[in-house]
Amino acid sequence: MGKYSIKELEKLSGIKAHTIRIWEKRHHLVSPQRTQTNIRYYSDDDLKKIINVSVLNNNGVKISKIVGLSLDEINQQVAELSDSKNSIEIYIDQLVLAMIDMEEEQFEKILASLTLKFGFEKTVVEIVYPFLEKIGILWLTNNITPAQEHFISHLIRQKMIVAIDSLPLPPKTSKRAVLYLPENELHELGLLFYHYIAKKEGLRTYYLGQTVPYKDLKYVVEYHKPDLIITSLTSGPSPHAMQGYLNRLSTDFASVRILVSGYALKKAKLEPLPNIDTFTNALTLRDLIVSLK
């Protein structure tokens, strides 16, 4: 069972904490519990209800009407809205609810319908990425278990691999790209999507995956002689070691263009290097690849 503060409910539902308190007092929408030290918290069921109420309220249903609905009626109206409207926020919220309950069939159904409706690329950029940001909030607040995180990562990873495999293999004369994550770096979903973008843009890709020893990276680069190296740094190196790591990449692979992204970059003050470009997301990666063709 999750234990959410009202601020965490606000971040996950989009409903201001002040509004949640009003709904709680005036309409008895949810009933928070208290810890032994008298700190208020909300349960998974409270979170799911608030998210669905948020969906209805944001789509014009007054709170005075919502509170008169049963839980089943609220869920039914949300399902009908998702079928009739192309609201990105509704889809993201549905994925969050499926993740909380570990409903694999529902999660698969939502992703499959979104891919058919919007295409794989738009689904990932506009829906899956924001969804993963919400999952990050759950992870940082200890409201998602390792089992839930693995459940979600595995399902999304499967979808990405299928999408990558469906793309045609570029000819051997195409520009080459090596994609990897450094040692102890396990956050692979972003790199998989970068792989999809690179291959779709016609690069011949060599995907090494997560936690790649540096000596193995050097061997692959020396053997395949890529034009690009693409990586993502989420959990490391530490801010004070980041510049040294990038300096090493720049020096050891001086003839290769190196494209780097990741949360760890934001925490470090970096000096520019001649053959390294940083990027923030898959769309800016695509622009870089196109400009380097």
# chains A, B, ... in the order shown; residues from 1 in each chain; ligands from 1

$ select_by_dssp --residues "segment 74-223 of chain A" --states "helix (DSSP H, G or I)" --output "PyMOL selection string"
chain A and resi 74-84+88-100+104-118+120-140+146-166+189-200+214-223

$ write_last_selection --atoms "C-alpha atoms" --output "short mmCIF file (atom, residue, chain, number, x, y, z; two decimals), in the first residue's frame"
data_model
loop_
_atom_site.label_atom_id
_atom_site.label_comp_id
_atom_site.auth_asym_id
_atom_site.auth_seq_id
_atom_site.Cartn_x
_atom_site.Cartn_y
_atom_site.Cartn_z
CA ILE A 74 -16.82 7.39 -11.80
CA ASN A 75 -14.63 4.71 -13.39
CA GLN A 76 -17.21 4.12 -16.13
CA GLN A 77 -17.41 7.80 -17.03
CA VAL A 78 -13.63 8.05 -17.16
CA ALA A 79 -13.52 5.04 -19.51
CA GLU A 80 -16.12 6.66 -21.75
CA LEU A 81 -14.14 9.91 -21.82
CA SER A 82 -10.95 8.11 -22.81
CA ASP A 83 -12.79 6.50 -25.73
CA SER A 84 -14.32 9.75 -26.96
CA ILE A 88 -3.06 13.12 -23.43
CA GLU A 89 -3.57 13.63 -19.69
CA ILE A 90 -6.34 11.04 -19.57
CA TYR A 91 -4.09 8.44 -21.19
CA ILE A 92 -1.22 9.21 -18.82
CA ASP A 93 -3.52 8.90 -15.81
CA GLN A 94 -4.84 5.56 -17.09
CA LEU A 95 -1.29 4.23 -17.33
CA VAL A 96 -0.59 5.36 -13.76
CA LEU A 97 -3.71 3.54 -12.52
CA ALA A 98 -2.78 0.35 -14.41
CA MET A 99 0.71 0.51 -12.92
CA ILE A 100 -0.53 0.95 -9.33
CA GLU A 104 -0.74 -6.03 -17.28
CA GLU A 105 -3.67 -6.67 -19.62
CA GLN A 106 -5.02 -3.14 -19.13
CA PHE A 107 -1.57 -1.57 -19.51
CA GLU A 108 -0.96 -3.51 -22.74
CA LYS A 109 -4.41 -2.59 -24.06
CA ILE A 110 -3.85 1.13 -23.43
CA LEU A 111 -0.38 1.16 -25.03
CA ALA A 112 -1.57 -0.82 -28.05
CA SER A 113 -4.54 1.47 -28.66
CA LEU A 114 -2.37 4.59 -28.29
CA THR A 115 0.21 3.24 -30.74
CA LEU A 116 -2.53 2.56 -33.28
CA LYS A 117 -4.07 5.99 -32.73
CA PHE A 118 -0.94 8.17 -32.63
CA PHE A 120 4.77 4.67 -31.77
CA GLU A 121 6.94 7.80 -31.75
CA LYS A 122 4.24 10.25 -30.66
CA THR A 123 2.98 7.78 -28.04
CA VAL A 124 6.42 7.57 -26.44
CA VAL A 125 7.26 11.29 -26.62
CA GLU A 126 3.91 12.71 -25.54
CA ILE A 127 2.51 9.99 -23.28
CA VAL A 128 5.09 7.43 -22.11
CA TYR A 129 7.77 10.01 -21.20
CA PRO A 130 5.40 12.13 -19.06
CA PHE A 131 4.07 8.92 -17.54
CA LEU A 132 7.60 7.87 -16.57
CA GLU A 133 8.12 11.30 -14.98
CA LYS A 134 5.11 10.61 -12.75
CA ILE A 135 6.54 7.18 -11.97
CA GLY A 136 9.72 8.98 -10.94
CA ILE A 137 7.70 10.90 -8.33
CA LEU A 138 6.34 7.63 -6.97
CA TRP A 139 9.85 6.14 -6.87
CA LEU A 140 11.40 9.15 -5.09
CA PRO A 146 10.65 -2.60 -7.14
CA ALA A 147 8.10 -5.13 -8.41
CA GLN A 148 5.90 -2.36 -9.83
CA GLU A 149 8.89 -0.59 -11.37
CA HIS A 150 10.14 -3.81 -13.02
CA PHE A 151 6.60 -4.60 -14.19
CA ILE A 152 6.29 -1.26 -16.00
CA SER A 153 9.85 -1.19 -17.34
CA HIS A 154 9.53 -4.70 -18.74
CA LEU A 155 6.30 -3.94 -20.60
CA ILE A 156 7.58 -0.68 -22.11
CA ARG A 157 10.92 -2.28 -22.96
CA GLN A 158 9.11 -5.05 -24.88
CA LYS A 159 7.18 -2.47 -26.92
CA MET A 160 10.35 -0.57 -27.78
CA ILE A 161 12.24 -3.67 -28.86
CA VAL A 162 9.37 -4.73 -31.14
CA ALA A 163 9.27 -1.22 -32.68
CA ILE A 164 13.06 -1.22 -33.23
CA ASP A 165 13.00 -4.68 -34.82
CA SER A 166 10.22 -3.61 -37.18
CA LEU A 189 14.38 2.82 -21.51
CA GLY A 190 15.60 6.19 -22.73
CA LEU A 191 18.52 4.64 -24.60
CA LEU A 192 16.21 2.13 -26.26
CA PHE A 193 14.10 4.96 -27.62
CA TYR A 194 17.25 6.75 -28.81
CA HIS A 195 18.08 3.49 -30.61
CA TYR A 196 14.68 3.61 -32.30
CA ILE A 197 15.21 7.25 -33.39
CA ALA A 198 18.73 6.57 -34.68
CA LYS A 199 17.69 3.52 -36.68
CA LYS A 200 14.62 5.27 -38.05
CA TYR A 214 34.77 1.10 -20.75
CA LYS A 215 37.26 -1.34 -22.28
CA ASP A 216 34.41 -3.05 -24.14
CA LEU A 217 33.22 0.29 -25.47
CA LYS A 218 36.73 1.03 -26.73
CA TYR A 219 36.93 -2.35 -28.45
CA VAL A 220 33.59 -1.89 -30.24
CA VAL A 221 34.48 1.63 -31.35
CA GLU A 222 37.87 0.52 -32.67
CA TYR A 223 36.30 -2.44 -34.49
#

$ residues_around --residues "Leu208 of chain A" --least-positions-apart "3" --cutoff "9 Å" --atoms "only C-alpha atoms" --output "NGL selection string"
:A and (178-181 or 211-212 or 217)

$ residues_around --residues "Lys65 of chain A" --least-positions-apart "5" --cutoff "12 Å" --atoms "only C-alpha atoms" --output "MDAnalysis selection string"
chainID A and resid 27 29 53 56:57 60 70 73:74

$ select_by_dssp --residues "segment 218-277 of chain A" --states "strand (DSSP E or B)" --output "list in words"
Leu228, Ile229, Ile230, Thr231, Ser232, Arg257, Ile258, Leu259, Val260, Ser261, Ile276 and Asp277 of chain A

$ write_last_selection --atoms "all heavy atoms" --output "JSON list (two decimals), in the first residue's frame"
[["chain", "number", "residue", "atom", "x", "y", "z"],
["A", 228, "LEU", "N", 29.09, 8.07, -34.78],
["A", 228, "LEU", "CA", 28.46, 8.64, -33.58],
["A", 228, "LEU", "C", 28.53, 7.66, -32.42],
["A", 228, "LEU", "O", 28.46, 6.44, -32.61],
["A", 228, "LEU", "CB", 26.98, 8.95, -33.83],
["A", 228, "LEU", "CG", 26.60, 10.02, -34.85],
["A", 228, "LEU", "CD1", 25.10, 10.01, -35.05],
["A", 228, "LEU", "CD2", 27.08, 11.37, -34.40],
["A", 229, "ILE", "N", 28.64, 8.21, -31.21],
["A", 229, "ILE", "CA", 28.42, 7.47, -29.97],
["A", 229, "ILE", "C", 27.27, 8.17, -29.25],
["A", 229, "ILE", "O", 27.29, 9.40, -29.10],
["A", 229, "ILE", "CB", 29.66, 7.44, -29.07],
["A", 229, "ILE", "CG1", 30.80, 6.65, -29.74],
["A", 229, "ILE", "CG2", 29.33, 6.83, -27.71],
["A", 229, "ILE", "CD1", 32.10, 6.70, -28.97],
["A", 230, "ILE", "N", 26.28, 7.40, -28.83],
["A", 230, "ILE", "CA", 25.11, 7.97, -28.13],
["A", 230, "ILE", "C", 25.00, 7.31, -26.77],
["A", 230, "ILE", "O", 25.01, 6.07, -26.66],
["A", 230, "ILE", "CB", 23.82, 7.74, -28.94],
["A", 230, "ILE", "CG1", 23.93, 8.39, -30.33],
["A", 230, "ILE", "CG2", 22.62, 8.31, -28.19],
["A", 230, "ILE", "CD1", 22.80, 8.04, -31.27],
["A", 231, "THR", "N", 24.90, 8.13, -25.73],
["A", 231, "THR", "CA", 24.79, 7.58, -24.38],
["A", 231, "THR", "C", 23.89, 8.45, -23.52],
["A", 231, "THR", "O", 23.55, 9.58, -23.90],
["A", 231, "THR", "CB", 26.18, 7.43, -23.72],
["A", 231, "THR", "OG1", 26.04, 6.68, -22.50],
["A", 231, "THR", "CG2", 26.79, 8.78, -23.40],
["A", 232, "SER", "N", 23.51, 7.92, -22.36],
["A", 232, "SER", "CA", 22.66, 8.65, -21.41],
["A", 232, "SER", "C", 23.20, 8.42, -20.01],
["A", 232, "SER", "O", 23.49, 7.29, -19.63],
["A", 232, "SER", "CB", 21.21, 8.17, -21.53],
["A", 232, "SER", "OG", 20.38, 8.88, -20.65],
["A", 257, "ARG", "N", 31.77, 11.72, -33.20],
["A", 257, "ARG", "CA", 30.85, 12.69, -32.59],
["A", 257, "ARG", "C", 30.09, 11.99, -31.47],
["A", 257, "ARG", "O", 29.51, 10.91, -31.68],
["A", 257, "ARG", "CB", 29.86, 13.19, -33.64],
["A", 257, "ARG", "CG", 29.20, 14.50, -33.28],
["A", 257, "ARG", "CD", 30.18, 15.63, -33.49],
["A", 257, "ARG", "NE", 29.67, 16.88, -32.92],
["A", 257, "ARG", "CZ", 30.41, 17.95, -32.79],
["A", 257, "ARG", "NH1", 31.68, 17.93, -33.15],
["A", 257, "ARG", "NH2", 29.92, 19.07, -32.31],
["A", 258, "ILE", "N", 30.12, 12.57, -30.28],
["A", 258, "ILE", "CA", 29.54, 11.94, -29.10],
["A", 258, "ILE", "C", 28.34, 12.75, -28.64],
["A", 258, "ILE", "O", 28.44, 13.96, -28.39],
["A", 258, "ILE", "CB", 30.58, 11.84, -27.97],
["A", 258, "ILE", "CG1", 31.82, 11.06, -28.46],
["A", 258, "ILE", "CG2", 29.97, 11.16, -26.74],
["A", 258, "ILE", "CD1", 33.01, 11.14, -27.53],
["A", 259, "LEU", "N", 27.18, 12.08, -28.55],
["A", 259, "LEU", "CA", 25.94, 12.73, -28.15],
["A", 259, "LEU", "C", 25.52, 12.19, -26.79],
["A", 259, "LEU", "O", 25.35, 10.99, -26.62],
["A", 259, "LEU", "CB", 24.85, 12.46, -29.19],
["A", 259, "LEU", "CG", 25.22, 12.77, -30.66],
["A", 259, "LEU", "CD1", 24.04, 12.50, -31.58],
["A", 259, "LEU", "CD2", 25.69, 14.22, -30.81],
["A", 260, "VAL", "N", 25.36, 13.09, -25.82],
["A", 260, "VAL", "CA", 25.15, 12.69, -24.43],
["A", 260, "VAL", "C", 23.91, 13.37, -23.86],
["A", 260, "VAL", "O", 23.71, 14.58, -24.05],
["A", 260, "VAL", "CB", 26.36, 13.06, -23.55],
["A", 260, "VAL", "CG1", 26.20, 12.51, -22.14],
["A", 260, "VAL", "CG2", 27.66, 12.55, -24.18],
["A", 261, "SER", "N", 23.09, 12.59, -23.16],
["A", 261, "SER", "CA", 21.93, 13.15, -22.47],
["A", 261, "SER", "C", 21.89, 12.60, -21.06],
["A", 261, "SER", "O", 22.74, 11.81, -20.66],
["A", 261, "SER", "CB", 20.63, 12.80, -23.21],
["A", 261, "SER", "OG", 20.32, 11.43, -23.00],
["A", 276, "ILE", "N", 31.74, 16.74, -28.46],
["A", 276, "ILE", "CA", 30.63, 16.29, -27.63],
["A", 276, "ILE", "C", 29.48, 17.29, -27.68],
["A", 276, "ILE", "O", 29.68, 18.50, -27.48],
["A", 276, "ILE", "CB", 31.07, 16.06, -26.18],
["A", 276, "ILE", "CG1", 32.02, 14.86, -26.08],
["A", 276, "ILE", "CG2", 29.85, 15.83, -25.27],
["A", 276, "ILE", "CD1", 32.42, 14.48, -24.68],
["A", 277, "ASP", "N", 28.29, 16.78, -27.98],
["A", 277, "ASP", "CA", 27.06, 17.57, -27.91],
["A", 277, "ASP", "C", 26.14, 16.95, -26.87],
["A", 277, "ASP", "O", 26.02, 15.72, -26.79],
["A", 277, "ASP", "CB", 26.33, 17.56, -29.26],
["A", 277, "ASP", "CG", 27.08, 18.35, -30.32],
["A", 277, "ASP", "OD1", 27.32, 19.54, -30.09],
["A", 277, "ASP", "OD2", 27.42, 17.77, -31.37]]

$ closest_residue --among "A:Gln210, A:Asn38, A:Lys16, A:Ser43" --to "Leu186 of chain A" --atoms "only C-alpha atoms"
A:Gln210

$ residues_around --residues "Ile51 of chain A" --least-positions-apart "3" --cutoff "9 Å" --atoms "only C-alpha atoms" --output "list in words"
Leu9, Leu12, Ser13, Gly14, Ile15, Asp46, Leu47, Lys48, Ser54, Val55, Leu56, Asp93, Gln94 and Leu97 of chain A

$ write_last_selection --atoms "C-alpha atoms" --output "PDB file, in the first residue's frame"
ATOM      1  CA  LEU A   9      -1.326  13.636  -4.451  1.00  0.00           C
ATOM      2  CA  LEU A  12       0.317  12.919  -9.370  1.00  0.00           C
ATOM      3  CA  SER A  13      -3.249  14.078  -9.956  1.00  0.00           C
ATOM      4  CA  GLY A  14      -2.771  17.686 -11.045  1.00  0.00           C
ATOM      5  CA  ILE A  15      -5.306  18.826  -8.428  1.00  0.00           C
ATOM      6  CA  ASP A  46      -7.407   7.565  -2.468  1.00  0.00           C
ATOM      7  CA  LEU A  47      -4.872   8.309  -5.216  1.00  0.00           C
ATOM      8  CA  LYS A  48      -6.827   6.346  -7.825  1.00  0.00           C
ATOM      9  CA  SER A  54      -9.497  14.999 -11.665  1.00  0.00           C
ATOM     10  CA  VAL A  55     -10.129  13.575 -15.140  1.00  0.00           C
ATOM     11  CA  LEU A  56     -13.888  14.171 -14.889  1.00  0.00           C
ATOM     12  CA  ASP A  93      -3.518   8.896 -15.812  1.00  0.00           C
ATOM     13  CA  GLN A  94      -4.843   5.565 -17.093  1.00  0.00           C
ATOM     14  CA  LEU A  97      -3.705   3.538 -12.521  1.00  0.00           C
TER      15      LEU A  97
END

$ atom_distance --atom1 "atom CA of Arg204 of chain A" --atom2 "atom CA of Leu273 of chain A"
25.0 Å
